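Here the structure is laid out as structure tokens; the discussion comes afterwards.
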Amino acid sequence: MKKYTYSADVKQQLDIILKRSESDHQDVRATVLDIIDRVKSEGDSALKDYEAKFDHCQLDSLKVTPEEIDRAFAETDPALIETIKRSAENIRAFHEHQKETTWTIHPKAGITLGQHITPIDRVGVYVPGGKAAYPSTVLMDTIPAVVAGVGTIAMVTPPDASGNINQNILCAAKIAGVTEIYKVGGAQAIAALAYGTETIAPVNKIVGPGNIFVATAKKEVFGKVAIDMIAGPSEVCVIADATANPVYIAADLLSQAEHDEMAMPVLVTTDDALADQVIAEIDRQIDTDLRRKAIAKASVTDHGFVFVCETLDDAFELTNQIAPEHLELAIDNAEKYLDCVRNAGAIFLGMYSPEPLGDYFAGPNHTLPTSGTAKFSSPLGVYDFIKRSSIIQYDRDNLKAAADDITAFAYSEGLDAHAKSIERRFSNDA
């Protein structure tokens with residue numbers, strides 16, 4: 001990991017240090033646009049061809065059958081199924097608190113204003129299937145939609161070379177409430193969800209993480225459909241003081257490093273000795289029996305950072321500039337510092353609230369803003385699967401009282417028909 005002492009120069013150069021500069025992926029975009037165009041024109045045939053090309057499988061049918069789901073439950077460890085169910089219960093209970101309801105106000109007699117809340121009709125959930133299969137992501141991306149009242153949830157995920165979907169993903173999908181599952185991944189899956197094919201009906205919104213081709217495809221179809229966010233590599237930032245345990249911190253940093261070679265583990269500390277202890281502990285832990293050791297090592301080497309700050313105020317200033325996906329406060333009386341955090345996707349308070357608790361079990365959503373976008377965006381939630389319609393009702397007397405103001409505004413903007421829409425209602429008045 002690269003170690004820095006926090007300074008004005010580090011503050012000014014932070015995006016460069018973190019390698020967060022904008023990348024030009026015109027070659028990727030060109031490929032994605034070709035895929036989208038072909039799916040739009042050829043439908044299922046294009047999807048099957050791309051699955052043969054990219055996932056090396058020959059598909060007769062794109063849709064997962066009930067029998068395949070039943071077989072997944074029969075072949076999956078019953079203890080894991082119960083774990084998935086308990087996690088789903090926690091996620092559902094948390095997201096129930098995010099529900100919104102229709103409301104109205106009455107500023108005066110004869111006037112009703114308000115907001116009408118309705119769920120999105122049809123949502124698509126993309127589930128990756130490359131380096132690892134994540135049933136936890138199925139739960140996190142689906143359950144808020146179910147709680148919101150979405151009518152249909154269509155999941156797409158790439159099959160293996162035999163044309164099968166990971167059984168843990170199928171079990172999680174059933175438990176979460178997915179209504180349709182399709183064997184297709186990559187940019188072609190995003191195109192199918194956006195524009196539809198003979199088998200896959202188009203959706204109104206697409207959520208879920210994916211590789212650069214998936215992310216680029218989501219960018220390209222935005223406007224035709226809504227999307228949740230463009231997810232970058234995973235990030236964890238730990239703010240630690242001298243009371244923190246370096247063994248725990250190293251373990252937490254590695255828990256994100258193993259996601260992806262591009263994942264970014266960051267330590268921000270006020271204790272230089274602790275910084276060195278964590279670096280040494282990471283080197284020790286990374287050489288244990290981690291199955292994704294090579295990935296974790298690449299992440300730590302290329303994208304791992306330690307910043308030593310003089311004060312906690314400096315530590316929070318730096319961290320708010322980073323705006324990490326996950327933020328752990330490994331400091332004494334961590335909850336007292338919550339108001340110091342302005343920019344973070346999820347905040348973990350104290351040494352016994354590690355990031356994997358949020359990934360799998362606690363209940364808050366683990367689909368979070370990355371790459372500094374926590375400065376302006378939020379975790380996935382029920383609010384992402386609803387629409388808000390304004391309610392406006394005036395009686396005749398109240399409209400007449402407002403008529404002069406409305407028509408003055410309309411005429412000032414050169415919109416005569418707007419003004420006359422009001423005037424014609426009262427043209428016969430004395």
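Here, A, B, ... name the chains of the structure tokens in the order displayed, residue numbers run from 1 inside each chain, and ligands are numbered from 1 in the same displayed order.
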Just the strand (DSSP E or B) stuff from segment 353-405 of chain A, please, per backbone DSSP, written as a PyMOL selection string.
chain A and resi 386-394
For segment 419-426 of chain A: contacts at 8 Å, only C-alpha atoms, fewer than 5 positions along chain excluded, given as a list in words
Lys400, Ala403, Ile406, Thr407, Ala408, Ala410 and Tyr411 of chain A
Only C-alpha atoms, please: the residues just picked out, written as an mmCIF file, in the first residue's frame.
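Generated output (out.cif):
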data_model
loop_
_atom_site.group_PDB
_atom_site.id
_atom_site.type_symbol
_atom_site.label_atom_id
_atom_site.label_comp_id
_atom_site.auth_asym_id
_atom_site.auth_seq_id
_atom_site.Cartn_x
_atom_site.Cartn_y
_atom_site.Cartn_z
ATOM 1 C CA LYS A 400 -60.288 32.922 -10.665
ATOM 2 C CA ALA A 403 -56.028 34.043 -12.941
ATOM 3 C CA ILE A 406 -51.112 33.090 -14.212
ATOM 4 C CA THR A 407 -51.944 35.030 -17.368
ATOM 5 C CA ALA A 408 -49.345 37.713 -16.581
ATOM 6 C CA ALA A 410 -47.877 33.320 -19.522
ATOM 7 C CA TYR A 411 -47.936 36.513 -21.599
#
Do you know which residues are at most 6 Å from Leu253 of chain A counting only C-alpha atoms, after dropping those on the same chain fewer than 3 positions away, and could you put them as an mmCIF file with N, CA and C atoms, in the first residue's frame?
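Below is the file out14.cif, written as the result:
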data_model
loop_
_atom_site.group_PDB
_atom_site.id
_atom_site.type_symbol
_atom_site.label_atom_id
_atom_site.label_comp_id
_atom_site.auth_asym_id
_atom_site.auth_seq_id
_atom_site.Cartn_x
_atom_site.Cartn_y
_atom_site.Cartn_z
ATOM 1 N N ALA A 250 -6.787 -4.500 8.874
ATOM 2 C CA ALA A 250 -6.198 -5.184 7.718
ATOM 3 C C ALA A 250 -7.194 -6.163 7.107
ATOM 4 N N GLN A 256 -12.443 -5.992 0.902
ATOM 5 C CA GLN A 256 -12.814 -5.305 -0.333
ATOM 6 C C GLN A 256 -11.792 -5.530 -1.440
ATOM 7 N N PRO A 265 -8.827 -0.156 -1.344
ATOM 8 C CA PRO A 265 -8.836 -0.135 0.118
ATOM 9 C C PRO A 265 -8.003 1.041 0.640
#
Step one, run DSSP on the backbone; step two, keep only residues of segment 41-216 of chain A assigned to helix (DSSP H, G or I); then write them as number ranges by chain.
A: 41-42, 44-54, 66-75, 78-96, 135-148, 167-176, 186-195, 212-216
Measuring atom to atom with only C-alpha atoms, identify which of A:Ala323, A:Ile347, A:Ala191, A:Phe385 is nearest to Asp121 of chain A.
A:Phe385
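Atom pair atom CA of Met262 of chain A / atom CA of Ser299 of chain A has a distance of 5.6 Å (rounded to one decimal).
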In Å, how far is it from atom CA of Phe222 of chain A to atom CA of Ser389 of chain A?
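Separating atom CA of Phe222 of chain A from atom CA of Ser389 of chain A is a distance of 20.8 Å.
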From A:Ala161, A:Phe316, A:Gln13, A:Ala217, residue lying nearest Val28 of chain A [only C-alpha atoms]
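Nearest candidate to Val28 of chain A out of A:Ala161, A:Phe316, A:Gln13, A:Ala217: A:Ala217.
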Near segment 72-87 of chain A, counting only C-alpha atoms, which residues have an atom at most 8 Å away, once you skip same-chain residues fewer than 6 positions from it, shown as a short mmCIF file (atom, residue, chain, number, x, y, z; two decimals) with N, CA, C and O atoms, in the first residue's frame?
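selection02.cif was written with the following content:
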data_model
loop_
_atom_site.label_atom_id
_atom_site.label_comp_id
_atom_site.auth_asym_id
_atom_site.auth_seq_id
_atom_site.Cartn_x
_atom_site.Cartn_y
_atom_site.Cartn_z
N SER A 136 -26.06 -12.41 -2.67
CA SER A 136 -26.38 -11.26 -1.83
C SER A 136 -26.84 -10.07 -2.66
O SER A 136 -27.74 -9.32 -2.26
N GLN A 167 -26.61 -22.04 -8.89
CA GLN A 167 -27.78 -22.46 -8.10
C GLN A 167 -28.04 -21.53 -6.91
O GLN A 167 -29.20 -21.32 -6.53
N ASN A 168 -26.99 -20.96 -6.33
CA ASN A 168 -27.19 -20.04 -5.21
C ASN A 168 -27.92 -18.78 -5.66
O ASN A 168 -28.76 -18.23 -4.94
N LEU A 170 -30.06 -18.67 -8.21
CA LEU A 170 -31.46 -19.04 -8.45
C LEU A 170 -32.24 -19.12 -7.15
O LEU A 170 -33.39 -18.66 -7.08
N CYS A 171 -31.63 -19.67 -6.12
CA CYS A 171 -32.32 -19.76 -4.82
C CYS A 171 -32.59 -18.36 -4.26
O CYS A 171 -33.70 -18.07 -3.78
N ALA A 172 -31.59 -17.49 -4.34
CA ALA A 172 -31.75 -16.13 -3.83
C ALA A 172 -32.83 -15.39 -4.61
O ALA A 172 -33.61 -14.62 -4.03
N ILE A 175 -36.26 -16.56 -3.39
CA ILE A 175 -36.50 -16.06 -2.03
C ILE A 175 -36.78 -14.56 -2.05
O ILE A 175 -37.65 -14.07 -1.32
N TYR A 360 -23.80 -8.50 3.63
CA TYR A 360 -24.57 -9.74 3.66
C TYR A 360 -25.81 -9.75 4.54
O TYR A 360 -26.77 -10.44 4.20
N PHE A 361 -25.82 -9.04 5.66
CA PHE A 361 -26.78 -9.47 6.66
C PHE A 361 -27.53 -8.38 7.41
O PHE A 361 -28.67 -8.59 7.81
N ALA A 362 -26.94 -7.23 7.65
CA ALA A 362 -27.54 -6.26 8.56
C ALA A 362 -28.90 -5.77 8.07
O ALA A 362 -29.83 -5.60 8.85
N GLY A 363 -29.02 -5.50 6.76
CA GLY A 363 -30.28 -5.04 6.20
C GLY A 363 -30.18 -3.85 5.29
O GLY A 363 -30.83 -3.81 4.24
#
Any chance you could tabulate, as a Markdown table, the residues of segment 2-78 of chain A at most 12 Å from segment 139-155 of chain A with each one's nearest atom pair and distance in Å to one decimal, using only C-alpha atoms, in chain and rising number order?
| residue | atom | partner | partner_atom | distance |
| --- | --- | --- | --- | --- |
| A:Leu62 | CA | A:Met155 | CA | 11.6 |
| A:Lys63 | CA | A:Met155 | CA | 10.0 |
| A:Val64 | CA | A:Met155 | CA | 10.0 |
Output file for the residues above (N, CA and C atoms, as an mmCIF file, in the first residue's frame):
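Saved to out_1.cif:
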data_model
loop_
_atom_site.group_PDB
_atom_site.id
_atom_site.type_symbol
_atom_site.label_atom_id
_atom_site.label_comp_id
_atom_site.auth_asym_id
_atom_site.auth_seq_id
_atom_site.Cartn_x
_atom_site.Cartn_y
_atom_site.Cartn_z
ATOM 1 N N LEU A 62 -34.005 -19.094 -23.564
ATOM 2 C CA LEU A 62 -33.373 -18.073 -22.722
ATOM 3 C C LEU A 62 -33.959 -18.031 -21.322
ATOM 4 N N LYS A 63 -35.174 -18.472 -21.155
ATOM 5 C CA LYS A 63 -35.861 -18.322 -19.873
ATOM 6 C C LYS A 63 -35.606 -19.502 -18.951
ATOM 7 N N VAL A 64 -35.304 -19.199 -17.695
ATOM 8 C CA VAL A 64 -35.133 -20.245 -16.681
ATOM 9 C C VAL A 64 -36.495 -20.814 -16.331
#
Please determine, counting only C-alpha atoms, which residue among A:Lys183, A:His259, A:His25, A:Lys224 has the shortest atom-to-atom distance to Thr65 of chain A.
A:Lys183
